[in-house]
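Enquirer: One structure follows; several queries about it will come next.
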Amino acid sequence: MRWVVPLLLIGCGGGSTPPPQEPTSVEPKRVTRVPIENDSDDEPEDGVTFTKTRGSISAEAIQAALAPHNQEMMDCYTQNVGKRRWLGGHVVLHWDLKADGTVASVKMAESNLGAWPVEKCLLDIAWSATFEKPKGGDADFTLPLDFQPPSGTKIWDEDMALRAVGGQLAALDDCDDFEPGKPGKKPRKAPKPAKNPNVDKPARPERPPSNVTITLYVGPQGKTQSIGFSSSTSEVGEKWAACAEQTAQTWRLPDPRGQIAKLAVRYRAE
């Protein structure tokens, strides 16, 4: 069973920043999982049908696990936005939990934020959360977050975004085996991380991501101002994201002429 936990709204004001709103307590959305039946050839002669099921974790247990990290998640945005008053958007984090409550996977399932340093910070915190054992085995749930910018941007539609990026998207294929500082690749200066002293960063193997949504902002002279990544089917690894972020800085894009434009394109769509 999948839970959608309460929304956390984060705003950024002009002069003095108002205190972030506390998460509102709402009833999680329940999504019923339909049991998956085996093919008829695999069924025993007595007619018994085997089903694959998932466990569940209560909304209260999720809130208890994430409450200690609320401020850290807010800091991911406020400490990285800087003077980019146009930076903001909606993200959805997706957790997969093992039967003992340990985190098996965290994905940035949705994001139109367009800021990898913020997204990566949220992912690191998500990995560090501690959960109680789900009932009935492995479980998963999602957390939506909204970051509201004080100023807007010009939105380029899908057709315009595809025309703007064009064949430059293929350059990301080289990021599958990217190693920072290796021959042929210019070392990238890492962005200043948000202060999250309680986050222990676990070592996780990386695989090339698929079904990636790339959101970026275009500024003067068609230069990339910020970029972010999400995928509902795979984790976006740090090395791949670092390479993709670096590669996007070299793209030649249309000049939005006095505005900041926001666009999204799909990479390795399934």
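Simple scheme: letters A, B, ... for chains in structure tokens order, numbers from 1 for residues in each chain, numbers from 1 for ligands in the order shown.
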Got a sec: who's within 10 Å of stretch 226-230 of chain A, counting only C-alpha atoms, leaving out chain neighbours fewer than 3 positions off, as JSON, numbers by chain?
Expert: {"A": [84, 87, 91, 92, 93, 107, 108, 109, 110, 111, 112, 113, 114, 115, 116, 117, 118, 119, 120, 209, 210, 211, 212, 213, 214, 215, 216, 217, 218, 219, 223, 233, 234, 235, 236, 241, 244, 245, 246, 248, 249, 262, 263, 264, 266, 267]}
Enquirer: Output C-alpha atoms for every residue in the selection just made, as an mmCIF file, in the first residue's frame.
Expert:
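Output saved as again-v8.cif:
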data_model
loop_
_atom_site.group_PDB
_atom_site.id
_atom_site.type_symbol
_atom_site.label_atom_id
_atom_site.label_comp_id
_atom_site.auth_asym_id
_atom_site.auth_seq_id
_atom_site.Cartn_x
_atom_site.Cartn_y
_atom_site.Cartn_z
ATOM 1 C CA ARG A 84 17.809 33.213 -7.698
ATOM 2 C CA LEU A 87 13.957 29.192 -8.381
ATOM 3 C CA VAL A 91 9.013 17.665 -6.022
ATOM 4 C CA VAL A 92 7.908 14.175 -4.983
ATOM 5 C CA LEU A 93 10.239 11.876 -3.047
ATOM 6 C CA LYS A 107 13.987 8.343 -5.831
ATOM 7 C CA MET A 108 13.259 11.893 -6.882
ATOM 8 C CA ALA A 109 10.128 10.576 -8.563
ATOM 9 C CA GLU A 110 8.914 13.980 -9.757
ATOM 10 C CA SER A 111 10.508 17.406 -9.865
ATOM 11 C CA ASN A 112 10.108 20.606 -11.814
ATOM 12 C CA LEU A 113 12.325 22.453 -9.351
ATOM 13 C CA GLY A 114 15.336 22.514 -11.662
ATOM 14 C CA ALA A 115 17.997 22.675 -8.942
ATOM 15 C CA TRP A 116 20.113 19.562 -8.441
ATOM 16 C CA PRO A 117 21.903 20.854 -5.295
ATOM 17 C CA VAL A 118 18.501 21.195 -3.602
ATOM 18 C CA GLU A 119 17.240 17.866 -4.943
ATOM 19 C CA LYS A 120 20.419 16.060 -3.921
ATOM 20 C CA PRO A 209 19.386 6.451 -14.932
ATOM 21 C CA SER A 210 16.426 6.054 -17.257
ATOM 22 C CA ASN A 211 13.192 7.914 -17.862
ATOM 23 C CA VAL A 212 14.791 11.154 -16.637
ATOM 24 C CA THR A 213 12.978 14.481 -16.617
ATOM 25 C CA ILE A 214 15.466 17.329 -16.930
ATOM 26 C CA THR A 215 14.307 20.764 -15.799
ATOM 27 C CA LEU A 216 16.511 23.774 -16.440
ATOM 28 C CA TYR A 217 16.428 27.544 -16.409
ATOM 29 C CA VAL A 218 17.771 29.613 -19.301
ATOM 30 C CA GLY A 219 19.129 33.110 -18.756
ATOM 31 C CA LYS A 223 23.120 30.160 -20.797
ATOM 32 C CA THR A 233 11.766 4.507 -12.372
ATOM 33 C CA SER A 234 15.407 4.870 -11.337
ATOM 34 C CA GLU A 235 17.695 6.673 -8.918
ATOM 35 C CA VAL A 236 19.714 9.566 -10.328
ATOM 36 C CA ALA A 241 24.100 14.217 -12.213
ATOM 37 C CA ALA A 244 24.920 16.121 -16.723
ATOM 38 C CA GLU A 245 24.939 19.410 -14.839
ATOM 39 C CA GLN A 246 28.388 20.218 -16.206
ATOM 40 C CA ALA A 248 24.269 21.376 -19.694
ATOM 41 C CA GLN A 249 26.389 24.426 -18.895
ATOM 42 C CA LYS A 262 12.120 27.407 -17.621
ATOM 43 C CA LEU A 263 11.921 24.252 -19.704
ATOM 44 C CA ALA A 264 11.724 20.490 -19.261
ATOM 45 C CA ARG A 266 12.796 13.883 -21.244
ATOM 46 C CA TYR A 267 15.948 11.785 -21.504
#
Enquirer: Can you work out the spacing between atom CA of A:Leu253 and atom CA of A:Asp159 in Å, to one decimal?
Expert: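 Taking atom CA of A:Leu253 and atom CA of A:Asp159, their separation equals 13.9 Å.
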Enquirer: Nearest to A:Ile260 among A:Gln225, A:Gln168, A:Gln148, A:Ser231, with distances taken over only C-alpha atoms: which residue is it?
Expert: A:Gln225
Enquirer: DSSP says helix (DSSP H, G or I) for which residues of stretch 80-130 of chain A? Put them as a count of residues only?
Expert: 15
Enquirer: Quick one: residues within 9 Å of A:Lys98, only C-alpha atoms counted, chain neighbours fewer than 4 positions away excluded, as a PyMOL selection string?
Expert: chain A and resi 102-104+133-134+137-140
Enquirer: Could you state the separation of atom CA of A:Pro150 and atom CA of A:Pro220 in Å, given to one decimal place?
Expert: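 Computing it gives 19.9 Å between the two atoms.
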